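A.B. asks: Quick one, coords33.tsv (TSV, C-alpha atoms):
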```tsv
chain	number	residue	atom	x	y	z
A	294	MET	CA	103.23	147.23	63.16
A	295	LYS	CA	99.56	147.47	63.92
A	296	LYS	CA	99.09	143.97	62.60
A	297	ILE	CA	101.80	142.58	64.85
A	298	LEU	CA	100.27	144.29	67.87
A	299	LEU	CA	96.89	142.87	67.00
A	300	LEU	CA	98.39	139.44	66.58
A	301	MET	CA	100.16	139.68	69.93
A	302	THR	CA	96.97	140.76	71.64
A	303	PHE	CA	95.22	137.76	70.17
A	304	ALA	CA	98.03	135.47	71.21
A	305	LEU	CA	97.88	136.81	74.77
A	306	LEU	CA	94.13	136.47	74.89
A	307	PHE	CA	94.40	132.95	73.60
A	308	LEU	CA	97.09	131.97	76.12
A	309	GLY	CA	95.05	133.48	78.92
A	310	ASN	CA	92.12	131.43	77.79
A	311	VAL	CA	94.11	128.19	77.76
A	312	HIS	CA	95.28	128.88	81.27
A	313	ALA	CA	91.80	129.56	82.52
A	314	GLN	CA	90.23	126.45	81.07
A	315	HIS	CA	92.59	123.54	81.07
A	316	LYS	CA	92.26	120.76	83.56
A	317	TYR	CA	94.46	117.85	84.53
A	318	GLY	CA	93.30	114.29	84.20
A	319	THR	CA	94.29	110.64	83.86
A	320	ARG	CA	92.83	107.17	83.82
A	321	GLN	CA	96.12	105.50	84.61
A	322	GLY	CA	96.55	106.46	88.24
A	323	THR	CA	97.61	103.92	90.86
A	324	ILE	CA	96.06	103.09	94.21
A	325	THR	CA	97.77	100.59	96.48
A	326	PHE	CA	96.56	99.51	99.87
A	327	ASN	CA	98.19	97.68	102.72
A	328	SER	CA	96.62	95.69	105.49
A	329	GLU	CA	99.17	95.00	108.17
A	330	ALA	CA	97.75	92.64	110.75
A	331	GLN	CA	99.47	90.60	113.40
A	332	LYS	CA	99.77	87.47	111.29
A	333	GLU	CA	99.59	88.72	107.75
A	334	THR	CA	100.38	91.61	105.45
A	335	ILE	CA	98.11	91.96	102.47
A	336	LYS	CA	98.78	94.27	99.56
A	337	ALA	CA	96.79	95.04	96.43
A	338	THR	CA	97.23	97.42	93.51
A	339	ASN	CA	94.96	99.04	90.97
A	340	ASN	CA	96.51	100.82	87.96
A	341	THR	CA	93.30	102.09	86.39
A	342	VAL	CA	92.41	105.00	88.63
A	343	SER	CA	90.70	107.96	87.02
A	344	ALA	CA	91.55	111.37	88.42
A	345	VAL	CA	90.68	114.95	87.51
A	346	ILE	CA	91.97	118.18	89.03
A	347	ASP	CA	90.48	121.52	88.03
A	348	PRO	CA	92.92	124.36	88.82
A	349	LYS	CA	90.20	126.98	88.51
A	350	THR	CA	87.80	125.57	91.09
A	351	LYS	CA	90.45	123.47	92.89
A	352	ARG	CA	88.08	120.56	92.68
A	353	VAL	CA	89.55	117.06	92.82
A	354	GLN	CA	87.91	113.79	91.74
A	355	PHE	CA	89.05	110.21	91.93
A	356	ALA	CA	87.30	106.98	90.93
A	357	VAL	CA	88.43	103.37	91.03
A	358	LEU	CA	86.84	100.01	90.28
A	359	ILE	CA	87.06	97.62	93.23
A	360	LYS	CA	87.31	94.51	91.06
A	361	GLY	CA	90.41	95.95	89.44
A	362	PHE	CA	92.53	95.54	92.59
A	363	GLN	CA	95.07	92.82	91.93
A	364	PHE	CA	96.29	90.65	94.81
A	365	LYS	CA	99.09	88.15	94.80
A	366	LYS	CA	96.78	85.40	95.99
A	367	ALA	CA	93.63	84.69	93.98
A	368	LEU	CA	91.82	83.52	97.11
A	369	MET	CA	92.44	86.82	98.89
A	370	GLN	CA	91.20	88.74	95.88
A	371	GLU	CA	88.06	86.61	95.88
A	372	HIS	CA	87.42	87.16	99.61
A	373	PHE	CA	88.12	90.88	99.27
A	374	ASN	CA	85.50	91.19	96.52
A	375	GLU	CA	82.87	88.77	97.75
A	376	ASN	CA	83.03	88.90	101.55
A	377	TYR	CA	84.28	92.38	102.40
A	378	MET	CA	83.79	94.91	99.61
A	379	GLU	CA	80.73	93.24	97.98
A	380	SER	CA	82.05	94.62	94.72
A	381	SER	CA	79.21	93.32	92.58
A	382	LYS	CA	76.85	95.49	94.62
A	383	PHE	CA	79.29	98.38	95.05
A	384	PRO	CA	81.65	98.29	92.04
A	385	LYS	CA	83.30	101.69	92.61
A	386	ALA	CA	85.05	103.73	95.25
A	387	THR	CA	85.07	107.48	94.66
A	388	PHE	CA	86.41	110.67	96.12
A	389	LYS	CA	84.96	114.08	95.34
A	390	GLY	CA	86.37	117.12	97.02
A	391	GLU	CA	88.56	120.17	96.76
A	392	ILE	CA	91.91	121.54	97.77
A	393	VAL	CA	91.13	123.51	100.91
A	394	ASP	CA	94.53	124.37	102.30
A	395	GLY	CA	98.00	124.99	100.94
A	396	ASP	CA	99.14	127.62	98.45
A	397	ILE	CA	99.32	125.90	95.12
A	398	ASP	CA	100.30	127.62	91.90
A	399	PHE	CA	99.33	125.35	89.01
A	400	TYR	CA	101.39	127.49	86.62
A	401	GLN	CA	104.62	127.28	88.59
A	402	ILE	CA	106.84	124.20	88.54
A	403	GLY	CA	107.31	122.94	92.09
A	404	THR	CA	106.06	120.71	94.89
A	405	TYR	CA	103.12	121.78	97.00
A	406	GLN	CA	101.75	120.37	100.25
A	407	VAL	CA	97.98	120.66	100.35
A	408	GLN	CA	94.94	119.44	102.26
A	409	VAL	CA	92.14	117.88	100.27
A	410	LYS	CA	88.70	117.75	101.81
A	411	GLY	CA	85.70	115.91	100.46
A	412	LYS	CA	83.46	112.89	100.31
A	413	LEU	CA	85.00	109.45	100.21
A	414	THR	CA	82.65	106.65	99.17
A	415	ILE	CA	83.65	103.03	99.79
A	416	HIS	CA	81.33	100.01	100.00
A	417	GLY	CA	78.36	102.31	99.40
A	418	VAL	CA	79.12	104.39	102.52
A	419	THR	CA	80.06	108.07	102.16
A	420	LYS	CA	82.20	109.88	104.74
A	421	GLU	CA	83.63	113.36	104.91
A	422	VAL	CA	87.45	113.18	105.06
A	423	THR	CA	90.40	115.55	104.98
A	424	VAL	CA	93.59	114.12	103.56
A	425	PRO	CA	97.08	115.61	103.26
A	426	ALA	CA	98.44	115.39	99.72
A	427	THR	CA	101.45	116.44	97.70
A	428	ILE	CA	100.99	117.93	94.26
A	429	THR	CA	104.05	118.30	92.06
A	430	MET	CA	103.71	120.54	89.02
A	431	SER	CA	106.04	119.78	86.13
A	432	LYS	CA	106.06	120.00	82.35
A	433	ASP	CA	104.38	116.57	82.31
A	434	GLY	CA	101.41	117.82	84.29
A	435	ALA	CA	100.26	117.53	87.90
A	436	LYS	CA	101.51	114.62	89.98
A	437	ALA	CA	99.30	113.81	92.93
A	438	ASN	CA	100.44	111.74	95.90
A	439	ALA	CA	98.56	110.96	99.07
A	440	THR	CA	98.81	108.42	101.86
A	441	PHE	CA	96.00	108.08	104.34
A	442	GLU	CA	94.31	105.59	106.60
A	443	VAL	CA	90.82	104.19	106.45
A	444	ALA	CA	89.11	102.32	109.27
A	445	VAL	CA	87.15	99.52	107.61
A	446	ALA	CA	84.39	99.66	110.25
A	447	ASP	CA	83.64	103.29	109.22
A	448	TYR	CA	82.54	102.00	105.84
A	449	GLY	CA	80.34	99.20	107.09
A	450	ILE	CA	82.86	96.46	106.36
A	451	GLU	CA	82.79	93.70	108.94
A	452	ILE	CA	85.83	91.60	109.70
A	453	PRO	CA	84.80	88.28	111.30
A	454	SER	CA	86.62	87.61	114.57
A	455	MET	CA	88.03	84.41	113.07
A	456	VAL	CA	90.31	86.40	110.76
A	457	LYS	CA	90.87	89.44	112.94
A	458	ASP	CA	94.59	88.75	113.33
A	459	LYS	CA	94.92	88.44	109.54
A	460	ILE	CA	93.11	91.57	108.38
A	461	ALA	CA	93.91	94.99	109.79
A	462	LYS	CA	91.17	97.23	111.19
A	463	VAL	CA	92.86	100.23	109.65
A	464	ILE	CA	94.05	100.04	106.06
A	465	THR	CA	96.73	102.31	104.60
A	466	ILE	CA	95.92	103.69	101.17
A	467	HIS	CA	98.49	105.15	98.77
A	468	VAL	CA	97.40	107.25	95.82
A	469	ASP	CA	99.86	108.00	93.05
A	470	ALA	CA	98.79	109.60	89.79
A	471	LEU	CA	100.34	111.73	87.08
A	472	LEU	CA	97.67	113.90	85.51
A	473	PRO	CA	98.68	115.36	82.14
A	474	MET	CA	97.04	118.56	81.00
A	475	LEU	CA	93.81	117.75	79.16
B	398	MET	CA	88.23	52.39	117.44
B	399	LYS	CA	91.26	52.17	115.19
B	400	LYS	CA	89.01	52.45	112.17
B	401	ILE	CA	87.42	55.66	113.44
B	402	LEU	CA	90.85	57.11	114.12
B	403	THR	CA	92.11	56.27	110.63
B	404	PHE	CA	88.96	57.70	109.16
B	405	GLY	CA	89.35	60.91	111.18
B	406	LEU	CA	92.95	61.27	110.13
B	407	LEU	CA	92.01	60.77	106.50
B	408	ILE	CA	89.35	63.49	106.71
B	409	ALA	CA	91.82	65.87	108.35
B	410	LEU	CA	94.38	65.15	105.66
B	411	LEU	CA	91.87	65.74	102.86
B	412	ALA	CA	90.73	68.98	104.49
B	413	GLY	CA	94.36	70.03	104.74
B	414	ILE	CA	95.02	69.28	101.08
B	415	TYR	CA	91.84	71.10	100.06
B	416	GLY	CA	92.83	74.11	102.17
B	417	TYR	CA	96.31	74.12	100.73
B	418	PHE	CA	95.04	74.14	97.14
B	419	GLN	CA	92.43	76.80	97.91
B	420	TRP	CA	95.11	78.99	99.47
B	421	ASN	CA	97.39	78.57	96.48
B	422	LYS	CA	94.80	78.47	93.76
B	423	PRO	CA	95.89	80.45	90.71
B	424	HIS	CA	94.24	83.57	89.33
B	425	LYS	CA	91.74	83.05	86.54
B	426	ASP	CA	93.63	82.62	83.29
B	427	THR	CA	91.43	84.21	80.64
B	428	SER	CA	93.50	82.63	77.87
B	429	LYS	CA	92.22	79.23	79.03
B	430	ILE	CA	88.59	80.13	79.76
B	431	SER	CA	86.11	80.43	76.93
B	432	ALA	CA	84.32	83.76	76.72
B	433	ASP	CA	80.86	84.18	78.29
B	434	VAL	CA	80.04	87.02	75.90
B	435	VAL	CA	81.49	88.23	72.59
B	436	LEU	CA	81.00	91.91	71.80
B	437	ASP	CA	82.36	94.77	69.71
B	438	ALA	CA	84.09	97.54	71.64
B	439	ASN	CA	81.28	99.98	70.79
B	440	ASP	CA	78.51	97.65	71.93
B	441	LEU	CA	80.22	96.95	75.24
B	442	LEU	CA	80.66	100.65	75.93
B	443	HIS	CA	77.10	101.50	74.91
B	444	ALA	CA	75.70	98.82	77.23
B	445	PHE	CA	77.31	100.64	80.18
B	446	GLU	CA	76.48	104.12	78.89
B	447	SER	CA	72.79	103.37	78.43
B	448	ASP	CA	72.22	101.53	81.75
B	449	GLU	CA	75.20	101.12	84.03
B	450	SER	CA	73.54	99.08	86.76
B	451	LYS	CA	71.98	96.71	84.23
B	452	ALA	CA	75.32	96.30	82.48
B	453	ASN	CA	76.95	95.65	85.87
B	454	THR	CA	74.57	92.76	86.58
B	455	GLN	CA	75.06	91.46	83.06
B	456	TYR	CA	78.83	91.72	82.67
B	457	LEU	CA	80.70	92.06	85.99
B	458	ASP	CA	83.14	89.16	86.57
B	459	LYS	CA	82.22	87.67	83.19
B	460	VAL	CA	84.89	86.72	80.67
B	461	ILE	CA	84.24	89.10	77.81
B	462	LYS	CA	85.74	88.77	74.38
B	463	VAL	CA	85.88	92.19	72.82
B	464	ASN	CA	86.75	93.06	69.23
B	465	GLY	CA	88.15	96.48	68.50
B	466	ILE	CA	90.92	98.73	67.22
B	467	ILE	CA	93.96	99.67	69.28
B	468	LYS	CA	94.04	103.35	70.19
B	469	GLN	CA	96.99	103.28	72.56
B	470	VAL	CA	99.52	100.90	74.14
B	471	GLU	CA	100.68	101.89	77.63
B	472	ASN	CA	103.50	100.40	79.67
B	473	ASN	CA	102.90	100.40	83.40
B	474	GLU	CA	105.63	99.74	85.87
B	475	SER	CA	106.16	96.11	86.99
B	476	GLY	CA	105.63	94.64	83.51
B	477	LYS	CA	101.93	95.34	83.18
B	478	ILE	CA	100.50	96.61	79.92
B	479	THR	CA	97.31	98.49	79.19
B	480	LEU	CA	95.74	98.43	75.74
B	481	ILE	CA	93.18	101.12	75.04
B	482	LEU	CA	90.59	100.18	72.43
B	483	ALA	CA	88.90	102.91	70.42
B	484	THR	CA	85.15	103.45	70.43
B	485	ASP	CA	83.06	105.84	68.37
B	486	GLY	CA	82.97	108.44	71.15
B	487	GLU	CA	86.22	110.40	70.84
B	488	MET	CA	87.05	110.41	74.56
B	489	SER	CA	85.59	107.01	75.38
B	490	SER	CA	87.28	103.63	75.22
B	491	ILE	CA	87.70	100.09	76.50
B	492	THR	CA	90.64	99.73	78.90
B	493	CYS	CA	92.30	96.29	78.81
B	494	ASN	CA	94.82	95.50	81.54
B	495	PHE	CA	97.35	92.70	80.99
B	496	GLU	CA	99.27	91.25	83.92
B	497	PRO	CA	102.59	89.51	83.42
B	498	PRO	CA	103.15	87.03	81.78
B	499	ALA	CA	100.20	87.74	79.42
B	500	ALA	CA	101.59	91.26	78.91
B	501	LYS	CA	104.78	89.92	77.37
B	502	GLY	CA	105.41	90.98	73.79
B	503	LEU	CA	102.43	93.31	73.61
B	504	THR	CA	104.55	96.44	73.21
B	505	GLN	CA	104.96	95.40	69.59
B	506	LEU	CA	101.28	96.03	68.96
B	507	ARG	CA	100.53	99.25	67.15
B	508	GLN	CA	97.84	101.86	67.10
B	509	GLY	CA	95.18	101.14	64.49
B	510	GLN	CA	95.55	97.36	64.63
B	511	GLN	CA	92.39	95.27	64.75
B	512	ILE	CA	92.45	93.03	67.80
B	513	SER	CA	90.45	90.54	69.83
B	514	ILE	CA	90.90	90.46	73.61
B	515	LYS	CA	89.49	88.34	76.43
B	516	GLY	CA	89.26	89.80	79.91
B	517	LEU	CA	87.30	89.88	83.16
B	518	CYS	CA	84.92	92.82	83.31
B	519	SER	CA	85.49	95.04	86.36
B	520	GLY	CA	82.93	97.71	85.47
B	521	ALA	CA	82.98	101.18	83.94
B	522	LEU	CA	84.43	104.54	84.92
B	523	MET	CA	82.21	107.37	83.75
B	524	ASP	CA	83.37	110.95	83.60
B	525	ASP	CA	82.04	114.00	81.73
B	526	LEU	CA	85.51	115.34	81.15
B	527	MET	CA	87.58	112.20	80.68
B	528	GLY	CA	84.94	110.26	78.79
B	529	ASN	CA	83.70	106.80	79.68
B	530	THR	CA	85.67	103.59	79.73
B	531	VAL	CA	84.81	99.96	80.39
B	532	VAL	CA	87.62	98.15	82.22
B	533	LEU	CA	88.69	94.56	81.52
B	534	ASP	CA	91.29	92.98	83.83
B	535	ARG	CA	93.62	89.99	83.59
B	536	CYS	CA	93.34	90.18	79.81
B	537	SER	CA	94.77	87.84	77.19
B	538	LEU	CA	94.89	88.00	73.42
B	539	ALA	CA	92.10	85.98	71.82
B	540	GLN	CA	91.88	84.25	68.48
B	541	LYS	CA	89.42	85.87	66.16
```
Would you mind writing the file's structure down as C-alpha cells?
C.D. replies:
Amino acid sequence: MKKILLLMTFALLFLGNVHAQHKYGTRQGTITFNSEAQKETIKATNNTVSAVIDPKTKRVQFAVLIKGFQFKKALMQEHFNENYMESSKFPKATFKGEIVDGDIDFYQIGTYQVQVKGKLTIHGVTKEVTVPATITMSKDGAKANATFEVAVADYGIEIPSMVKDKIAKVITIHVDALLPML
Amino acid sequence: MKKILTFGLLIALLAGIYGYFQWNKPHKDTSKISADVVLDANDLLHAFESDESKANTQYLDKVIKVNGIIKQVENNESGKITLILATDGEMSSITCNFEPPAAKGLTQLRQGQQISIKGLCSGALMDDLMGNTVVLDRCSLAQK
C-alpha cells in the first residue's frame, strides 16, 4: 500500500513537472500574404515558419525567411526580394512578444481569442504591434491563427509611384501554424 | 521617314517581346542548374552556426548541393513536400522544400536513406529550443 502511494505521489509530481515545463513549437508553420491593389492581386506563401509558444510565460515567437516566400510569378518573387524586402541584407522577419489579453487555458481543449503584443521586425525595422489571434488547443497541440495588416511604409519599404496601382500600401498577413508539444 | 518608323516599330515590338518573356519567365529549376557549392549537411549547418552573416553572404540564393540522411518526410498541403535532413546536433537539421512537380514521388523516400539534394539557400532559422535549421527552397533530387 505504502509503495503504491509513493508511486502515485511520484507520478503526480512527474505529471506536474511535465505540465510546468513543456512548450509548443513547430518549423512547419505557414505565412501567406496578400497585396490587393487596384490593378493586381499578389499572393505569396511560406511553409517554413518557426514558432514557439511557452504556456508558462505566455511568450510567443515567430521567425520566417523572406527568400522562402513562393510567388506564382518568378519575376514578382525576384522584385519582392531584390527591390522591396532587400532579403540578402535582411533575410528574416521575426515576431517576439507575449499573450497579453484573453483567458487561455493551455491544458483545456478549446478555442481561445487572445491579443498578442510584441516586436515585429521586417526589412530590418522593428515596430511594436498588438495583433488579435486565435489559439485552438487540441490533442495535437496548439494551433495559432492570426490575420493582421502591415503598412509597408512603416517598415521602410518604398513603393515607386510607377507601380503604385499594382502593389498595395497595406498588406494582409495570415499566420497559420500547428505547434505540437515539444 | 518610313525607315525611322519601321525601325521604331521594330524596337517597340522587341521591347514588348522582352517584357512578355520577363513577365512569364519561369522559376529557377534547380534540377537543370549545376550546383554552385557541394556540401555535407553537417558542414552547411556549421557554416551558419559559426557565423550566420558570413554564411548568408556566402550561400544565400546559391544553388547548394547537400548530401545527407533523411530524418523526416513531411507532406504539406497543395502538393509540396519537405525533406528534413539529419545533422549531428539532435535538434538541428537541413530543411529542403520541394514544390510541385519536383515533389512528385518523394513520399516514397524513407527515414535513414542517404540522399543528395539541390536547392536554393534561403538562410537559417536559429532557435535555442527548436534547434537550428538551414532552409533550401525549390529543391530537386540530385545525382550523387
A.B. asks: When you count only C-alpha atoms, which of these residues is closest to Asp347 (chain A): A:Lys459, A:Lys389, A:Lys316, A:Lys410?
C.D. replies: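 Nearest to Asp347 (chain A): A:Lys316.
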A.B. asks: Determine the nearest neighbour of chain A from the options B:Leu517, B:Ile414, B:Leu406, B:Ala438, counting only C-alpha atoms.
C.D. replies: B:Leu517
A.B. asks: If you take all atoms listed in the file and a cut-off of 10 Å, which residues of chain A touch chain B, and what are their nearest atom pairs and distances in Å to one decimal, in chain and number order, as JSON lines?
C.D. replies:
```
{"residue": "A:Lys316", "atom": "CA", "partner": "B:Leu526", "partner_atom": "CA", "distance": 9.0}
{"residue": "A:Tyr317", "atom": "CA", "partner": "B:Met527", "partner_atom": "CA", "distance": 9.7}
{"residue": "A:Gly318", "atom": "CA", "partner": "B:Met527", "partner_atom": "CA", "distance": 7.0}
{"residue": "A:Thr319", "atom": "CA", "partner": "B:Met527", "partner_atom": "CA", "distance": 7.6}
{"residue": "A:Arg320", "atom": "CA", "partner": "B:Met527", "partner_atom": "CA", "distance": 7.9}
{"residue": "A:Gln321", "atom": "CA", "partner": "B:Asn473", "partner_atom": "CA", "distance": 8.6}
{"residue": "A:Thr323", "atom": "CA", "partner": "B:Asn473", "partner_atom": "CA", "distance": 9.8}
{"residue": "A:Asn340", "atom": "CA", "partner": "B:Asn473", "partner_atom": "CA", "distance": 7.9}
{"residue": "A:Thr341", "atom": "CA", "partner": "B:Val532", "partner_atom": "CA", "distance": 8.1}
{"residue": "A:Val342", "atom": "CA", "partner": "B:Leu522", "partner_atom": "CA", "distance": 8.8}
{"residue": "A:Ser343", "atom": "CA", "partner": "B:Leu522", "partner_atom": "CA", "distance": 7.4}
{"residue": "A:Ala344", "atom": "CA", "partner": "B:Met527", "partner_atom": "CA", "distance": 8.7}
{"residue": "A:Val345", "atom": "CA", "partner": "B:Met527", "partner_atom": "CA", "distance": 8.0}
{"residue": "A:Gln354", "atom": "CA", "partner": "B:Asp524", "partner_atom": "CA", "distance": 9.7}
{"residue": "A:Ala356", "atom": "CA", "partner": "B:Leu522", "partner_atom": "CA", "distance": 7.1}
{"residue": "A:Val357", "atom": "CA", "partner": "B:Leu522", "partner_atom": "CA", "distance": 7.4}
{"residue": "A:Leu358", "atom": "CA", "partner": "B:Ser519", "partner_atom": "CA", "distance": 6.5}
{"residue": "A:Ile359", "atom": "CA", "partner": "B:Ser519", "partner_atom": "CA", "distance": 7.5}
{"residue": "A:Lys360", "atom": "CA", "partner": "B:Ser519", "partner_atom": "CA", "distance": 5.1}
{"residue": "A:Gly361", "atom": "CA", "partner": "B:Ser519", "partner_atom": "CA", "distance": 5.9}
{"residue": "A:Phe362", "atom": "CA", "partner": "B:Asp534", "partner_atom": "CA", "distance": 9.2}
{"residue": "A:Gln363", "atom": "CA", "partner": "B:Arg535", "partner_atom": "CA", "distance": 8.9}
{"residue": "A:Phe364", "atom": "CA", "partner": "B:His424", "partner_atom": "CA", "distance": 9.2}
{"residue": "A:Lys365", "atom": "CA", "partner": "B:His424", "partner_atom": "CA", "distance": 8.6}
{"residue": "A:Lys366", "atom": "CA", "partner": "B:Asn421", "partner_atom": "CA", "distance": 6.9}
{"residue": "A:Ala367", "atom": "CA", "partner": "B:His424", "partner_atom": "CA", "distance": 4.8}
{"residue": "A:Leu368", "atom": "CA", "partner": "B:Trp420", "partner_atom": "CA", "distance": 6.1}
{"residue": "A:Met369", "atom": "CA", "partner": "B:Trp420", "partner_atom": "CA", "distance": 8.3}
{"residue": "A:Gln370", "atom": "CA", "partner": "B:His424", "partner_atom": "CA", "distance": 8.9}
{"residue": "A:Glu371", "atom": "CA", "partner": "B:His424", "partner_atom": "CA", "distance": 9.5}
{"residue": "A:Ser380", "atom": "CA", "partner": "B:Ser519", "partner_atom": "CA", "distance": 9.0}
{"residue": "A:Ser381", "atom": "CA", "partner": "B:Leu457", "partner_atom": "CA", "distance": 6.9}
{"residue": "A:Lys382", "atom": "CA", "partner": "B:Asn453", "partner_atom": "CA", "distance": 8.8}
{"residue": "A:Phe383", "atom": "CA", "partner": "B:Asn453", "partner_atom": "CA", "distance": 9.9}
{"residue": "A:Pro384", "atom": "CA", "partner": "B:Gly520", "partner_atom": "CA", "distance": 6.7}
{"residue": "A:Lys385", "atom": "CA", "partner": "B:Gly520", "partner_atom": "CA", "distance": 8.2}
{"residue": "A:Leu475", "atom": "CA", "partner": "B:Met527", "partner_atom": "CA", "distance": 8.5}
```
A.B. asks: What does the distance from CA of Val353 (chain A) to CA of Ser489 (chain B) come to in Å, to one decimal?
C.D. replies: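 Going from CA of Val353 (chain A) over to CA of Ser489 (chain B), I get 20.5 Å.
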A.B. asks: Just the number, please: distance in Å from CA of Leu503 (chain B) to CA of Ile491 (chain B), one decimal.
C.D. replies: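 One can read the CA of Leu503 (chain B) to CA of Ile491 (chain B) distance as 16.5 Å.
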A.B. asks: Give me, please, the distance in Å between CA of Thr429 (chain A) and CA of Thr404 (chain A), quoted to one decimal.
C.D. replies: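 Answer for the CA of Thr429 (chain A) to CA of Thr404 (chain A) separation: 4.2 Å.
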A.B. asks: Given only C-alpha atoms as the basis, pick out the residue of B:Lys468, B:Gly476, B:Phe495, B:Ser490 nearest to Arg507 (chain B).
C.D. replies: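 Ranked by minimum distance to Arg507 (chain B), first place goes to B:Lys468.
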A.B. asks: Measuring atom to atom with only C-alpha atoms, identify which of B:Leu506, B:Met398, B:Met488, B:Val435 is nearest to Gln469 (chain B).
C.D. replies: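 When distances to Gln469 (chain B) are compared using only C-alpha atoms, the smallest one comes from B:Leu506.
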A.B. asks: What residues have an atom no more than 9 Å from (84.2, 102.4, 70.1) in the file's own frame, counting only C-alpha atoms, and can you write them as a ChimeraX atom specification?
C.D. replies: /B:437-443,465-466,482-487,489-491
A.B. asks: Please return as a VMD selection string every residue within 12 Å of (92.5, 90.9, 108.1), taking into account all atoms listed in the file and the file's own coordinates.
C.D. replies: chain A and resid 327 to 336 369 372 to 373 376 to 377 444 to 445 450 to 464
A.B. asks: Which polymer residues have any atom within 6 Å of an atom of Ile466 (chain A), counting all atoms listed in the file, with same-chain residues fewer than 2 positions away left out, as a compact mmCIF listing (two decimals) with C-alpha atoms, in the coordinates of the input?
C.D. replies:
```txt
# COMPACT_ATOMS: atom_id res chain seq x y z
CA THR A 325 97.77 100.59 96.48
CA PHE A 326 96.56 99.51 99.87
CA THR A 440 98.81 108.42 101.86
CA PHE A 441 96.00 108.08 104.34
CA GLU A 442 94.31 105.59 106.60
```
A.B. asks: Is it possible to dump region 504-517 of chain B as a short mmCIF file (atom, residue, chain, number, x, y, z; two decimals), in the first residue's frame, including just N, CA, C and O atoms?
C.D. replies:
```
data_model
loop_
_atom_site.label_atom_id
_atom_site.label_comp_id
_atom_site.auth_asym_id
_atom_site.auth_seq_id
_atom_site.Cartn_x
_atom_site.Cartn_y
_atom_site.Cartn_z
N THR B 504 7.22 10.98 -51.52
CA THR B 504 6.66 10.36 -50.31
C THR B 504 7.18 8.94 -50.13
O THR B 504 7.10 8.38 -49.06
N GLN B 505 7.72 8.37 -51.22
CA GLN B 505 8.25 7.01 -51.12
C GLN B 505 9.60 6.96 -50.41
O GLN B 505 10.07 5.91 -50.01
N LEU B 506 10.23 8.11 -50.28
CA LEU B 506 11.52 8.15 -49.60
C LEU B 506 11.32 7.83 -48.12
O LEU B 506 10.29 8.14 -47.54
N ARG B 507 12.33 7.21 -47.54
CA ARG B 507 12.21 6.77 -46.16
C ARG B 507 13.29 7.36 -45.28
O ARG B 507 14.39 7.68 -45.74
N GLN B 508 12.95 7.45 -44.01
CA GLN B 508 13.88 7.88 -42.99
C GLN B 508 15.14 7.00 -43.03
O GLN B 508 15.03 5.79 -43.22
N GLY B 509 16.29 7.61 -42.89
CA GLY B 509 17.54 6.85 -42.85
C GLY B 509 18.21 6.71 -44.21
O GLY B 509 19.37 6.31 -44.28
N GLN B 510 17.49 7.06 -45.27
CA GLN B 510 18.08 6.96 -46.61
C GLN B 510 19.13 8.05 -46.84
O GLN B 510 18.92 9.19 -46.46
N GLN B 511 20.20 7.67 -47.49
CA GLN B 511 21.23 8.64 -47.90
C GLN B 511 20.71 9.35 -49.15
O GLN B 511 20.17 8.69 -50.05
N ILE B 512 20.88 10.67 -49.19
CA ILE B 512 20.30 11.39 -50.33
C ILE B 512 21.14 12.61 -50.69
O ILE B 512 21.91 13.12 -49.87
N SER B 513 20.98 13.05 -51.93
CA SER B 513 21.68 14.22 -52.43
C SER B 513 20.63 15.17 -53.01
O SER B 513 19.86 14.77 -53.88
N ILE B 514 20.62 16.41 -52.53
CA ILE B 514 19.56 17.35 -52.92
C ILE B 514 20.17 18.67 -53.37
O ILE B 514 21.14 19.16 -52.78
N LYS B 515 19.58 19.24 -54.44
CA LYS B 515 19.98 20.58 -54.87
C LYS B 515 18.87 21.55 -54.52
O LYS B 515 17.69 21.26 -54.75
N GLY B 516 19.23 22.72 -53.99
CA GLY B 516 18.20 23.71 -53.67
C GLY B 516 18.80 25.09 -53.53
O GLY B 516 20.02 25.25 -53.41
N LEU B 517 17.91 26.10 -53.55
CA LEU B 517 18.35 27.49 -53.38
C LEU B 517 18.35 27.83 -51.90
O LEU B 517 17.34 27.65 -51.22
#
```
